[in-house]
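What follows is a single structure, written as structure tokens, with notes after it.
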Amino acid sequence: MPCANSGGWCRAMLATLVLTLAGPVWASGGEVGTPLVIDVRHDLTTLGIHERNAAADGETNDSSPIQAAIDHAAGQEGGTVIVPEGVYRVAEIDVKPGVHLVGKGKDKTVFRTAGTSVMLRPSGGRLSNFSAYGTPSEDVSGDNWQPGTGGVGRGGSATALHIIGLYGGEDVHIDNVRAMESRYDCLYTRGSTGLRVTNCHFDRAGRNIVSMVGDDKDFVIANTYIGPHWGLYHFDIEPDTRKGRNVRDGLIVNCTFDGRNREEFDTDTWGAMLIFTGGHEKGNHSVTVLGCNFLDIRVRIRGVFPNARFLYNEFDTNATAFLKVRTNPVGEFEDAVVRGNRFLIRGEPAWIINDQVGFTGDSVFEGNFPEEFNDLEPDEPAGETDWGEEDHPVAVESPE
């Protein structure tokens, strides 16, 4: 555990936090003591919910019966929609507040795309215990997956725009889900509130593995692995700051950002970054990265991002931990806290951790290893300047 060197309190705190976030396994709806549970393979025709049950044969489009089960549960003030073992072809499934869509396990219940838009579109409720692939069949999946070109999956083997797309929505919980092989992004969020992601696995994207592009607030991403194969960037916090949209009040805890072996599928070898984008309207963004592993992944800053905290993480990179690239005239963390981190380069103590990033205001470095990185003198703020244009494709809008 990266924060083990800071004492047992940190391990206990993380364990308590993750258990609290994970919550109970089963959702319930209806009257107390009579939870509504629908099995999509058996109950739809019996209950008169849909004209057929889900086929789970890897060929039939099961979107309609699964959506009917979700709609029925939502109409009964919530319930659990069970998706047993099998392969389900789906597209544009709307998961609604109060509904828990739950599979038998990541290796048992598999969704594959039946379209070109988003696969799962939660506006509330919960997703858990399944895998979802943006490729339509096994012959273009796994070792045969191709990311495509241009950082947008053009010509790749995936057809789904996003695996999981949040276009607004409140209190969405995603637990024990594997989301893979998207044409654009495996997890895409814009305008969400109260998102909770725990124990998940995201990898293989034609653009970014995770993109947070809107006014997302009060989010937690915990115990999650973000893998090494993508077409543009690894994890992009890129709200539209020109419209006053900021990603804020978030916690990323006990996650692994893995950039090793990222060239295996002819995927990106440059965009190995957790990117923070700020803007002229600074606000109180307040995103904390706690107890995470950075494996050949760097933290990049674009614009000015206030109140970021990097606490008890382990960085083992091929260069510096913090980066501003030349195409972004401003790269500044304002009032940042960098505490209790271990900075390594290829397994050895780092001799440099910062490449042109400004740490301004009341920023502090303390308790880090090696110790020479604890003597920070805050930089002068960049002030007003030409911040330049976007240096990669603009975030796509939600599907109609």
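Please note that chains go A, B, ... in the order of the structure tokens, that every chain numbers its residues from 1, and that ligands are numbered from 1 in the order shown.
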For Arg326 (chain A), work out the shell of residues within 10 Å, counting only C-alpha atoms and skipping chain neighbours fewer than 4 positions away, then give it as a ChimeraX atom specification.
-> /A:330-331,356
Dump N, CA and C atoms for the selected residues as a JSON list (two decimals), in the first residue's frame?
```
[["chain", "number", "residue", "atom", "x", "y", "z"],
["A", 330, "VAL", "N", 0.23, 28.17, -19.40],
["A", 330, "VAL", "CA", 0.03, 28.21, -17.96],
["A", 330, "VAL", "C", -0.18, 26.79, -17.45],
["A", 331, "GLY", "N", 0.56, 26.42, -16.42],
["A", 331, "GLY", "CA", 0.37, 25.15, -15.75],
["A", 331, "GLY", "C", 0.66, 25.34, -14.28],
["A", 356, "GLN", "N", 8.46, 22.26, -14.85],
["A", 356, "GLN", "CA", 7.87, 23.55, -15.21],
["A", 356, "GLN", "C", 6.49, 23.83, -14.63]]
```
Set the distance at 8 Å and use only C-alpha atoms: which residues neighbour Gly194 (chain A) once local chain neighbours fewer than 4 positions away are removed? I'd like the list as a PDB file with C-alpha atoms, in the first residue's frame.
```
ATOM      1  CA  GLU A 170     -27.077  12.039  -9.277  1.00  0.00           C
ATOM      2  CA  ASP A 171     -25.741   9.465  -6.825  1.00  0.00           C
ATOM      3  CA  VAL A 172     -24.711   6.904  -9.421  1.00  0.00           C
ATOM      4  CA  LYS A 217     -18.871  17.460  -8.331  1.00  0.00           C
ATOM      5  CA  ASP A 218     -18.798  15.384  -5.148  1.00  0.00           C
ATOM      6  CA  PHE A 219     -17.245  12.292  -6.707  1.00  0.00           C
ATOM      7  CA  VAL A 220     -15.223   9.390  -5.306  1.00  0.00           C
TER       8      VAL A 220
END
```
Test item: residues at most 6 Å from region 312-323 of chain A, only C-alpha atoms, excluding those fewer than 6 positions along its chain, as an MDAnalysis selection string = chainID A and resid 2:3 290:296 298:300 340:346 353:355 357
Selected residues, N, CA and C atoms, written as a PDB file, in the first residue's frame, please.
```pdb
ATOM      1  N   PRO A   2       0.667   2.211  -0.901  1.00  0.00           N
ATOM      2  CA  PRO A   2       1.570   3.327  -0.988  1.00  0.00           C
ATOM      3  C   PRO A   2       1.687   4.143   0.269  1.00  0.00           C
ATOM      4  N   CYS A   3       0.624   4.232   1.087  1.00  0.00           N
ATOM      5  CA  CYS A   3       0.686   5.097   2.257  1.00  0.00           C
ATOM      6  C   CYS A   3       1.082   4.339   3.516  1.00  0.00           C
ATOM      7  N   LEU A 290      -5.290  10.309  -3.091  1.00  0.00           N
ATOM      8  CA  LEU A 290      -4.828   9.740  -1.827  1.00  0.00           C
ATOM      9  C   LEU A 290      -4.463   8.264  -1.984  1.00  0.00           C
ATOM     10  N   GLY A 291      -3.241   7.902  -1.568  1.00  0.00           N
ATOM     11  CA  GLY A 291      -2.864   6.495  -1.470  1.00  0.00           C
ATOM     12  C   GLY A 291      -2.873   5.751  -2.786  1.00  0.00           C
ATOM     13  N   CYS A 292      -2.532   6.422  -3.887  1.00  0.00           N
ATOM     14  CA  CYS A 292      -2.574   5.802  -5.211  1.00  0.00           C
ATOM     15  C   CYS A 292      -1.183   5.399  -5.694  1.00  0.00           C
ATOM     16  N   ASN A 293      -1.150   4.499  -6.661  1.00  0.00           N
ATOM     17  CA  ASN A 293       0.073   4.094  -7.343  1.00  0.00           C
ATOM     18  C   ASN A 293       0.095   4.709  -8.739  1.00  0.00           C
ATOM     19  N   PHE A 294       1.198   5.386  -9.067  1.00  0.00           N
ATOM     20  CA  PHE A 294       1.407   5.926 -10.399  1.00  0.00           C
ATOM     21  C   PHE A 294       2.554   5.154 -11.038  1.00  0.00           C
ATOM     22  N   LEU A 295       2.229   4.344 -12.032  1.00  0.00           N
ATOM     23  CA  LEU A 295       3.207   3.488 -12.691  1.00  0.00           C
ATOM     24  C   LEU A 295       3.411   3.999 -14.113  1.00  0.00           C
ATOM     25  N   ASP A 296       4.478   4.751 -14.299  1.00  0.00           N
ATOM     26  CA  ASP A 296       4.755   5.399 -15.582  1.00  0.00           C
ATOM     27  C   ASP A 296       3.612   6.311 -16.009  1.00  0.00           C
ATOM     28  N   ARG A 298       2.229  10.334 -15.213  1.00  0.00           N
ATOM     29  CA  ARG A 298       2.600  11.615 -14.618  1.00  0.00           C
ATOM     30  C   ARG A 298       1.352  12.466 -14.400  1.00  0.00           C
ATOM     31  N   VAL A 299       1.470  13.485 -13.552  1.00  0.00           N
ATOM     32  CA  VAL A 299       0.384  14.436 -13.320  1.00  0.00           C
ATOM     33  C   VAL A 299       0.658  15.677 -14.158  1.00  0.00           C
ATOM     34  N   ARG A 300      -0.256  15.964 -15.079  1.00  0.00           N
ATOM     35  CA  ARG A 300      -0.109  17.144 -15.940  1.00  0.00           C
ATOM     36  C   ARG A 300      -1.118  18.201 -15.518  1.00  0.00           C
ATOM     37  N   GLY A 340       3.611  13.384   2.094  1.00  0.00           N
ATOM     38  CA  GLY A 340       3.760  11.961   2.376  1.00  0.00           C
ATOM     39  C   GLY A 340       3.902  11.073   1.161  1.00  0.00           C
ATOM     40  N   ASN A 341       4.313  11.650   0.011  1.00  0.00           N
ATOM     41  CA  ASN A 341       4.454  10.872  -1.209  1.00  0.00           C
ATOM     42  C   ASN A 341       5.864  10.297  -1.334  1.00  0.00           C
ATOM     43  N   ARG A 342       5.972   9.182  -2.058  1.00  0.00           N
ATOM     44  CA  ARG A 342       7.272   8.619  -2.418  1.00  0.00           C
ATOM     45  C   ARG A 342       7.479   8.846  -3.909  1.00  0.00           C
ATOM     46  N   PHE A 343       8.575   9.500  -4.244  1.00  0.00           N
ATOM     47  CA  PHE A 343       8.882   9.824  -5.633  1.00  0.00           C
ATOM     48  C   PHE A 343      10.062   8.992  -6.097  1.00  0.00           C
ATOM     49  N   LEU A 344       9.791   8.106  -7.063  1.00  0.00           N
ATOM     50  CA  LEU A 344      10.820   7.234  -7.603  1.00  0.00           C
ATOM     51  C   LEU A 344      10.885   7.423  -9.119  1.00  0.00           C
ATOM     52  N   ILE A 345      12.049   7.140  -9.679  1.00  0.00           N
ATOM     53  CA  ILE A 345      12.223   7.058 -11.120  1.00  0.00           C
ATOM     54  C   ILE A 345      12.871   5.725 -11.422  1.00  0.00           C
ATOM     55  N   ARG A 346      12.090   4.867 -12.070  1.00  0.00           N
ATOM     56  CA  ARG A 346      12.548   3.513 -12.372  1.00  0.00           C
ATOM     57  C   ARG A 346      13.026   2.773 -11.117  1.00  0.00           C
ATOM     58  N   ILE A 353      11.383  16.041  -9.557  1.00  0.00           N
ATOM     59  CA  ILE A 353       9.970  15.647  -9.583  1.00  0.00           C
ATOM     60  C   ILE A 353       9.102  16.606 -10.373  1.00  0.00           C
ATOM     61  N   ASN A 354       9.607  17.754 -10.777  1.00  0.00           N
ATOM     62  CA  ASN A 354       8.759  18.788 -11.342  1.00  0.00           C
ATOM     63  C   ASN A 354       9.347  19.318 -12.643  1.00  0.00           C
ATOM     64  N   ASP A 355       8.506  19.350 -13.691  1.00  0.00           N
ATOM     65  CA  ASP A 355       8.918  19.880 -14.979  1.00  0.00           C
ATOM     66  C   ASP A 355       8.045  21.082 -15.323  1.00  0.00           C
ATOM     67  N   VAL A 357       6.019  23.024 -13.677  1.00  0.00           N
ATOM     68  CA  VAL A 357       4.729  23.294 -13.037  1.00  0.00           C
ATOM     69  C   VAL A 357       4.922  24.361 -11.965  1.00  0.00           C
TER      70      VAL A 357
END
```
Enumerate as a PyMOL selection string all residues of region 79-326 of chain A assigned to strand (DSSP E or B) by DSSP on the backbone, naming them with the chain letters and numbers the document uses.
-> chain A and resi 79-83+86-90+93-95+99-103+109-113+120-122+126-133+149+154+162-167+170+173-182+185-190+193+196-198+201-205+210-212+217-222+225-226+230+235-237+248-253+256-258+273-277+287-290+293-295+298-306+309-311+314-317+322-323
Quick one: everything within 10 Å of Leu120 (chain A), counting only C-alpha atoms, minus sequence neighbours fewer than 4 positions away in the same chain. Send it as an MDAnalysis selection string.
-> chainID A and resid 90:95 111 113 127 132 162:166 187
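In this model, the gap between CA of Tyr133 (chain A) and CA of Gln146 (chain A) comes to 12.9 Å.
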Of the candidates A:Thr135, A:Asn176, A:Asn307, A:Asn328, which one gets nearest to Val364 (chain A) if we count only C-alpha atoms?
->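 Smallest distance to Val364 (chain A) is found for A:Asn307.
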How many Å separate CA of Thr45 (chain A) from CA of Ile66 (chain A)?
->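 So the two atoms, CA of Thr45 (chain A) and CA of Ile66 (chain A), lie 12.0 Å apart.
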Near region 246-251 of chain A, 10 Å: region 179-210 of chain A residue rows, closest pairs, only C-alpha atoms, as CSV:
```
residue,atom,partner,partner_atom,distance
A:Thr189,CA,A:Val247,CA,9.9
A:Arg190,CA,A:Val247,CA,8.9
A:Gly191,CA,A:Val247,CA,8.7
A:Ser192,CA,A:Val247,CA,9.5
A:Thr193,CA,A:Asp249,CA,9.9
A:Gly194,CA,A:Gly250,CA,9.2
A:Leu195,CA,A:Gly250,CA,9.3
A:Arg196,CA,A:Leu251,CA,9.7
```
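Shortest atom-to-atom contact with Ala382 (chain A) among A:Phe333, A:Thr159, A:Ser117, A:Gly105: A:Phe333, counting only C-alpha atoms.
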Would you work out the distance separating CA of Gly125 (chain A) from CA of Gly168 (chain A), expressed in Å to one decimal?
-> 12.8 Å
For Glu264 (chain A), list every protein, DNA or RNA residue within 10 Å, evaluated using only C-alpha atoms, and leave out those in the same chain fewer than 5 positions away; present the list as an MDAnalysis selection string.
-> chainID A and resid 143 228:229 269
